[in-house]
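Next comes my_file19.txt, with compact mmCIF, C-alpha atoms.
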```txt
# COMPACT_ATOMS: atom_id res chain seq x y z
CA MET A 28 135.40 111.92 76.29
CA ILE A 29 132.59 113.85 77.94
CA PRO A 30 130.86 112.10 80.88
CA ALA A 31 127.10 112.61 80.89
CA ILE A 32 123.94 111.16 82.36
CA SER A 33 120.75 110.18 80.57
CA GLN A 34 117.56 111.47 82.13
CA VAL A 35 116.00 108.02 81.77
CA THR A 36 118.32 107.00 84.63
CA THR A 37 116.14 109.13 86.93
CA LEU A 38 112.89 108.65 85.05
CA ASN A 39 110.52 109.43 87.94
CA ALA A 40 111.91 112.92 88.52
CA PRO A 41 110.62 115.92 86.54
CA PHE A 42 112.79 117.58 83.90
CA GLU A 43 113.72 120.63 85.96
CA LYS A 44 114.72 118.63 89.04
CA ASP A 45 117.04 116.50 86.91
CA VAL A 46 118.84 119.56 85.61
CA GLU A 47 119.14 121.18 89.03
CA ASP A 48 120.26 118.02 90.82
CA TYR A 49 122.68 116.92 88.12
CA SER A 50 124.32 120.33 88.29
CA ALA A 51 124.53 120.16 92.09
CA ALA A 52 126.26 116.78 91.70
CA ALA A 53 128.86 118.32 89.34
CA CYS A 54 127.38 116.67 86.27
CA ARG A 55 127.30 119.37 83.62
CA THR A 56 126.28 117.34 80.56
CA VAL A 57 122.87 115.71 80.17
CA GLU A 58 121.38 113.35 77.62
CA ILE A 59 117.84 114.68 77.28
CA TRP A 60 114.98 112.20 77.57
CA LEU A 61 112.55 113.67 75.06
CA GLY A 62 109.42 112.48 76.83
CA LYS A 63 110.42 114.47 79.92
CA LEU A 64 111.26 117.54 77.89
CA GLU A 65 107.95 117.42 76.06
CA THR A 66 106.07 117.11 79.35
CA TYR A 67 107.96 120.12 80.74
CA LEU A 68 107.08 122.12 77.64
CA GLU A 69 103.36 121.58 78.24
CA GLN A 70 103.64 124.22 80.99
CA HIS A 71 106.83 126.05 79.98
CA THR A 72 108.49 127.66 76.98
CA LEU A 73 111.68 126.97 75.08
CA ASP A 74 113.12 130.08 76.71
CA ASP A 75 112.41 128.48 80.09
CA VAL A 76 114.40 125.42 79.00
CA ARG A 77 117.30 127.55 77.82
CA ARG A 78 117.25 129.56 81.04
CA LEU A 79 117.15 126.43 83.19
CA LEU A 80 120.13 124.90 81.42
CA THR A 81 122.12 128.15 81.41
CA GLU A 82 121.49 128.97 85.08
CA ASN A 83 122.61 125.49 86.10
CA GLU A 84 125.56 125.47 83.68
CA VAL A 85 124.34 122.26 82.06
CA ALA A 86 124.88 121.39 78.40
CA ALA A 87 122.45 119.21 76.42
CA PRO A 88 124.20 117.95 73.28
CA VAL A 89 122.24 114.69 72.90
CA ALA A 90 118.58 113.63 73.07
CA ALA A 91 116.92 110.21 73.12
CA PHE A 92 115.08 108.64 71.54
CA GLN A 93 112.97 108.52 68.38
CA GLY A 94 111.29 105.23 67.57
CA GLY A 95 108.91 103.92 64.96
CA LEU A 96 110.65 105.34 61.89
CA LEU A 97 112.15 102.31 60.23
CA ILE A 98 109.49 99.75 59.24
CA SER A 99 106.18 101.24 60.36
CA GLN A 100 103.47 101.65 57.73
CA GLY A 101 100.19 103.47 57.15
CA ASP A 102 98.76 105.76 59.83
CA ALA A 103 101.34 104.65 62.39
CA ARG A 104 104.15 105.64 60.05
CA ARG A 105 102.64 109.05 59.39
CA GLU A 106 102.31 109.70 63.12
CA HIS A 107 105.88 108.62 63.89
CA TRP A 108 107.32 110.77 61.13
CA LYS A 109 105.22 113.76 62.16
CA HIS A 110 106.54 113.38 65.71
CA PHE A 111 110.07 113.02 64.33
CA ALA A 112 109.76 116.31 62.45
CA GLN A 113 108.56 118.05 65.62
CA ARG A 114 111.47 116.64 67.58
CA LEU A 115 113.99 117.70 64.96
CA SER A 116 112.62 121.23 65.23
CA LEU A 117 112.91 121.01 69.02
CA CYS A 118 116.52 119.85 68.77
CA ARG A 119 117.33 122.67 66.37
CA GLU A 120 115.80 125.29 68.65
CA LEU A 121 117.72 124.00 71.69
CA LYS A 122 120.94 123.33 69.75
CA ILE A 123 120.82 119.62 70.58
CA ALA A 124 123.28 118.26 68.04
CA THR A 125 122.52 114.53 68.18
CA LEU A 126 119.24 112.60 68.28
CA VAL A 127 119.26 108.86 69.03
CA VAL A 128 117.10 106.76 66.71
CA ALA A 129 115.99 103.33 67.90
CA GLY A 130 116.63 100.32 65.70
CA ASP A 131 113.25 98.94 66.77
CA ILE A 132 112.87 96.43 63.94
CA VAL A 133 110.82 93.49 65.19
CA GLY A 134 108.68 90.68 63.85
CA PRO A 135 108.94 88.50 60.76
CA LEU A 136 110.64 90.51 58.02
CA THR A 137 110.67 90.40 54.24
CA GLY A 138 113.18 91.77 51.79
CA GLN A 139 110.84 94.68 51.29
CA ASP A 140 111.03 95.47 55.01
CA ILE A 141 114.82 95.55 54.92
CA GLU A 142 114.73 97.87 51.93
CA ARG A 143 112.24 100.06 53.81
CA VAL A 144 114.76 100.33 56.67
CA ARG A 145 117.43 101.64 54.28
CA HIS A 146 115.07 104.14 52.66
CA SER A 147 113.81 105.28 56.06
CA LEU A 148 117.32 105.88 57.38
CA THR A 149 118.26 107.79 54.22
CA ASP A 150 115.18 110.01 54.46
CA ALA A 151 115.58 110.52 58.20
CA ALA A 152 119.23 111.52 57.81
CA ARG A 153 118.28 113.98 55.05
CA GLN A 154 115.58 115.61 57.19
CA ALA A 155 117.89 115.76 60.20
CA GLY A 156 120.63 117.40 58.15
CA GLU A 157 118.19 120.08 57.01
CA GLN A 158 117.65 120.93 60.69
CA GLY A 159 121.36 120.81 61.59
CA VAL A 160 120.94 117.61 63.62
CA ARG A 161 122.84 114.31 63.51
CA LEU A 162 121.13 110.93 64.01
CA ALA A 163 122.72 108.14 66.03
CA LEU A 164 121.28 104.72 65.14
CA GLU A 165 121.05 102.44 68.19
CA PHE A 166 121.16 98.72 67.39
CA GLN A 167 118.91 96.80 69.80
CA SER A 168 119.77 93.35 71.10
CA HIS A 169 116.27 91.88 70.87
CA ALA A 170 115.43 93.27 67.42
CA SER A 171 114.84 90.99 64.46
CA PHE A 172 117.28 93.00 62.33
CA CYS A 173 120.03 95.47 63.27
CA ASN A 174 120.53 93.75 66.62
CA ASN A 175 124.32 93.96 66.48
CA LEU A 176 127.11 96.45 65.89
CA GLN A 177 128.22 94.99 62.55
CA THR A 178 124.80 95.43 60.94
CA ALA A 179 124.39 98.93 62.37
CA ALA A 180 127.76 99.91 60.96
CA ALA A 181 126.84 98.41 57.58
CA LEU A 182 123.57 100.35 57.42
CA VAL A 183 125.31 103.60 58.32
CA SER A 184 127.92 102.92 55.66
CA GLU A 185 125.29 102.15 53.01
CA VAL A 186 123.36 105.33 53.71
CA ALA A 187 126.66 107.24 53.57
CA SER A 188 125.31 110.44 55.10
CA PRO A 189 127.40 112.70 57.33
CA ASN A 190 124.23 113.09 59.41
CA LEU A 191 123.90 109.39 60.30
CA GLY A 192 126.14 107.50 62.71
CA ILE A 193 126.04 104.89 65.45
CA CYS A 194 124.80 105.03 69.02
CA PHE A 195 126.79 102.38 70.88
CA ASP A 196 124.86 101.09 73.89
CA ALA A 197 126.96 98.69 75.98
CA PHE A 198 123.86 96.82 77.15
CA HIS A 199 122.73 96.00 73.63
CA TYR A 200 126.29 95.18 72.63
CA TYR A 201 126.71 92.56 75.35
CA ALA A 202 123.12 91.29 75.54
CA GLY A 203 122.90 90.72 71.80
CA PRO A 204 124.89 88.77 69.21
CA SER A 205 127.67 91.34 68.72
CA LYS A 206 131.23 90.02 68.96
CA LEU A 207 134.44 91.47 70.31
CA GLU A 208 135.85 91.84 66.81
CA ASP A 209 132.83 93.99 65.85
CA LEU A 210 134.41 96.84 67.81
CA ALA A 211 136.72 97.25 64.83
CA TYR A 212 133.77 98.70 62.90
CA LEU A 213 133.77 101.78 65.14
CA SER A 214 135.54 104.88 63.92
CA VAL A 215 135.71 108.50 64.90
CA ALA A 216 133.64 109.21 61.78
CA ASN A 217 130.73 106.86 62.45
CA LEU A 218 130.47 106.84 66.26
CA PHE A 219 128.13 109.65 67.34
CA HIS A 220 127.18 108.61 70.89
CA VAL A 221 128.02 106.06 73.61
CA GLN A 222 125.84 104.80 76.49
CA LEU A 223 127.31 102.73 79.33
CA CYS A 224 125.88 100.57 82.09
CA ASP A 225 126.59 97.09 83.47
CA LEU A 226 124.86 93.78 84.16
CA ALA A 227 125.50 91.15 86.80
CA GLY A 228 124.66 87.46 87.11
CA LEU A 229 122.17 87.08 84.26
CA PRO A 230 122.31 85.15 80.99
CA ARG A 231 122.19 87.59 78.10
CA GLU A 232 119.00 85.94 76.76
CA LEU A 233 117.17 86.92 79.96
CA ALA A 234 118.65 90.39 80.43
CA ALA A 235 116.24 93.31 80.31
CA ASP A 236 116.71 97.07 80.48
CA ALA A 237 115.46 96.99 84.08
CA ASP A 238 118.53 94.91 85.03
CA ARG A 239 121.01 97.66 84.16
CA ILE A 240 123.36 98.67 86.99
CA LEU A 241 126.28 101.05 87.48
CA PRO A 242 129.20 100.55 85.10
CA GLY A 243 131.99 98.68 86.86
CA ASP A 244 129.64 96.81 89.22
CA GLY A 245 128.88 93.91 86.88
CA ASP A 246 130.22 91.47 84.33
CA PHE A 247 130.62 93.61 81.20
CA GLN A 248 134.18 93.95 79.94
CA LEU A 249 133.88 97.72 79.61
CA GLU A 250 137.63 98.32 79.44
CA ALA A 251 137.72 96.59 76.05
CA ILE A 252 135.21 99.15 74.79
CA LEU A 253 137.08 102.08 76.31
CA ASP A 254 140.34 100.89 74.79
CA VAL A 255 138.71 101.15 71.36
CA LEU A 256 137.24 104.58 72.12
CA ARG A 257 140.68 105.83 73.12
CA ALA A 258 142.29 104.23 70.07
CA ILE A 259 139.94 106.04 67.67
CA ASN A 260 140.21 109.27 69.70
CA TYR A 261 136.50 109.43 70.46
CA GLN A 262 135.77 112.82 72.05
CA ARG A 263 131.98 112.95 72.22
CA CYS A 264 129.61 112.07 75.07
CA VAL A 265 129.65 108.88 77.11
CA SER A 266 126.32 108.71 78.94
CA LEU A 267 125.33 106.73 81.99
CA GLU A 268 122.05 105.08 80.99
CA MET A 269 120.11 102.81 83.35
CA MET A 270 116.38 101.99 83.12
CA ASN A 271 116.32 100.36 86.54
CA PRO A 272 113.05 100.91 88.50
CA GLN A 273 114.91 100.59 91.81
CA ILE A 274 117.21 103.44 90.83
CA TRP A 275 114.21 105.52 89.75
CA GLN A 276 113.16 105.70 93.41
CA ILE A 277 116.36 107.55 94.40
CA SER A 278 116.79 111.31 94.11
CA PRO A 279 118.50 112.54 90.93
CA ARG A 280 121.26 114.18 92.97
CA GLN A 281 122.20 110.93 94.71
CA VAL A 282 122.07 108.97 91.46
CA ALA A 283 124.18 111.59 89.68
CA GLU A 284 126.78 111.72 92.46
CA VAL A 285 127.24 107.94 92.60
CA GLY A 286 126.77 107.39 88.88
CA MET A 287 129.15 110.09 87.71
CA THR A 288 131.80 108.93 90.18
CA ALA A 289 131.57 105.43 88.69
CA LEU A 290 131.60 106.76 85.14
CA ARG A 291 134.53 109.12 85.68
CA LYS A 292 136.50 106.35 87.37
CA LEU A 293 135.94 104.16 84.33
CA LEU A 294 136.97 106.96 81.97
CA GLY A 295 140.10 107.71 83.99
CA GLN A 296 138.69 111.07 85.09
CA ALA A 297 138.15 110.27 88.76
CA SER A 298 139.89 113.45 89.90
CA MET A 299 137.25 115.57 88.12
CA GLY A 300 134.25 116.84 90.08
```

As a first step, turn the structure in this file into structure tokens.
Amino acid sequence: MIPAISQVTTLNAPFEKDVEDYSAAACRTVEIWLGKLETYLEQHTLDDVRRLLTENEVAAPVAAFQGGLLISQGDARREHWKHFAQRLSLCRELKIATLVVAGDIVGPLTGQDIERVRHSLTDAARQAGEQGVRLALEFQSHASFCNNLQTAAALVSEVASPNLGICFDAFHYYAGPSKLEDLAYLSVANLFHVQLCDLAGLPRELAADADRILPGDGDFQLEAILDVLRAINYQRCVSLEMMNPQIWQISPRQVAEVGMTALRKLLGQASMG
């Protein structure tokens, strides 16, 4: 497994500082936060991005996230899908292999909405494949549909595209209705990305992204997840992902040093870096 850090963990820092500080902290794999990258590209070129990553010896195999694709309609849908096409092109140009897609399905739903989700995922996977990109569907704990691992796995299976898999976010797994036995739905074929964090002292109904803390410092039974990852021989990225405003005030280098130490300890790679 490849330890990485998501740029949302240090959201207040600019794109280039993340890359430089992560590298200085011996973190050589980053999960790109697309909003940061797009802001950087307002004043820089794709060659500048490539040069920055190369000079700092940082790889960027994953990017997050694309929302709004699954049940949006009308003008909003056209805008989301236009943005999606632009981001697929960006991923292709930078050789970012995996793009996380949010399962942001909220509100009262009809059977037509559920069918729209399936068609949207099928079309998105087709477009991604044409650009040489994989999509990782992230189930979201507070969604009306696809709020658990079992449903995400079922949708991926129904679409049956080699370009669509699962993004497993430990926060959404524990904060939502997923069950321990749902881990059996993970396989080396359908698991495209993993994001880890922890949570302490809060009922799952009240947990928010801002409550995420370092993995190993809270109540999540993360070893049960890692046992499954080892059993299926998962070899892709495991990202540290925390949207905690208190952590955003700390320098990316400090966050990366502490965060990667915690992550590597959990992965059994504490002697690295």

Give the centre and edge lengths of an axis-aligned box, in Å to one decimal, that holds all listed atoms of range 98-104 of chain A with 4 Å on each side, as JSON.
```
{"center_x": 104.1, "center_y": 102.8, "center_z": 59.8, "size_x": 18.7, "size_y": 14.0, "size_z": 13.2}
```

Long-range neighbours of Gly156 in chain A as a CSV table (one decimal) with C-alpha atoms, in the coordinates of the input, 9 Å cut-off, only C-alpha atoms, 5 positions minimum in chain:
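Result saved to selection21.csv:
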```csv
chain,number,residue,atom,x,y,z
A,151,ALA,CA,115.6,110.5,58.2
A,161,ARG,CA,122.8,114.3,63.5
A,162,LEU,CA,121.1,110.9,64.0
A,188,SER,CA,125.3,110.4,55.1
A,189,PRO,CA,127.4,112.7,57.3
A,190,ASN,CA,124.2,113.1,59.4
A,191,LEU,CA,123.9,109.4,60.3
```

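The spacing separating CA of Gln177 in chain A from CA of Ser205 in chain A amounts to 7.2 Å.
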
inquiry  = So, with all atoms listed in the file as the atoms that count, which of A:Val35, A:Val255, A:Met287, A:Leu176 lies closest to Ala90 in chain A?
reply    =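 Checking each of A:Val35, A:Val255, A:Met287, A:Leu176 against Ala90 in chain A, counting all atoms listed in the file, the winner is A:Val35.
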
key: Residue nearest Glu47 in chain A among A:Arg78, A:His110, A:Arg231, A:Arg143 (counting all atoms listed in the file)   =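 Closest to Glu47 in chain A, using all atoms listed in the file: A:Arg78.
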
ask   = Of the residues A:Leu226, A:Ile98, A:Leu249, A:Leu115, which is the one nearest to Val133 in chain A, using all atoms listed in the file?
value =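 Checking each candidate against Val133 in chain A, we get A:Ile98 as the closest.
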
With N, CA and C atoms as the target, complete range 210-226 of chain A and hand it back as a short mmCIF file (atom, residue, chain, number, x, y, z; two decimals), in the coordinates of the input.
```cif
data_model
loop_
_atom_site.label_atom_id
_atom_site.label_comp_id
_atom_site.auth_asym_id
_atom_site.auth_seq_id
_atom_site.Cartn_x
_atom_site.Cartn_y
_atom_site.Cartn_z
N LEU A 210 133.95 95.51 67.37
CA LEU A 210 134.41 96.84 67.81
C LEU A 210 135.29 97.50 66.77
N ALA A 211 135.87 96.70 65.89
CA ALA A 211 136.72 97.25 64.83
C ALA A 211 135.92 98.08 63.82
N TYR A 212 134.59 97.91 63.81
CA TYR A 212 133.77 98.70 62.90
C TYR A 212 133.56 100.13 63.38
N LEU A 213 133.91 100.42 64.62
CA LEU A 213 133.77 101.78 65.14
C LEU A 213 134.91 102.66 64.66
N SER A 214 134.54 103.89 64.33
CA SER A 214 135.54 104.88 63.92
C SER A 214 135.12 106.24 64.45
N VAL A 215 136.05 107.16 64.44
CA VAL A 215 135.71 108.50 64.90
C VAL A 215 134.69 109.15 63.98
N ALA A 216 134.59 108.65 62.74
CA ALA A 216 133.64 109.21 61.78
C ALA A 216 132.22 108.69 61.98
N ASN A 217 132.09 107.41 62.38
CA ASN A 217 130.73 106.86 62.45
C ASN A 217 130.15 106.74 63.86
N LEU A 218 130.96 106.97 64.88
CA LEU A 218 130.47 106.84 66.26
C LEU A 218 130.02 108.20 66.78
N PHE A 219 128.69 108.36 66.95
CA PHE A 219 128.13 109.65 67.34
C PHE A 219 127.80 109.72 68.83
N HIS A 220 127.57 108.57 69.48
CA HIS A 220 127.18 108.61 70.89
C HIS A 220 127.45 107.26 71.53
N VAL A 221 127.75 107.28 72.85
CA VAL A 221 128.02 106.06 73.61
C VAL A 221 127.20 106.09 74.90
N GLN A 222 126.59 104.95 75.24
CA GLN A 222 125.84 104.80 76.49
C GLN A 222 126.40 103.59 77.25
N LEU A 223 126.71 103.79 78.54
CA LEU A 223 127.31 102.73 79.33
C LEU A 223 126.42 102.36 80.53
N CYS A 224 126.50 101.10 80.89
CA CYS A 224 125.88 100.57 82.09
C CYS A 224 126.58 99.25 82.35
N ASP A 225 126.01 98.40 83.21
CA ASP A 225 126.59 97.09 83.47
C ASP A 225 125.46 96.12 83.76
N LEU A 226 125.83 94.84 83.90
CA LEU A 226 124.86 93.78 84.16
C LEU A 226 125.55 92.70 84.96
#
```
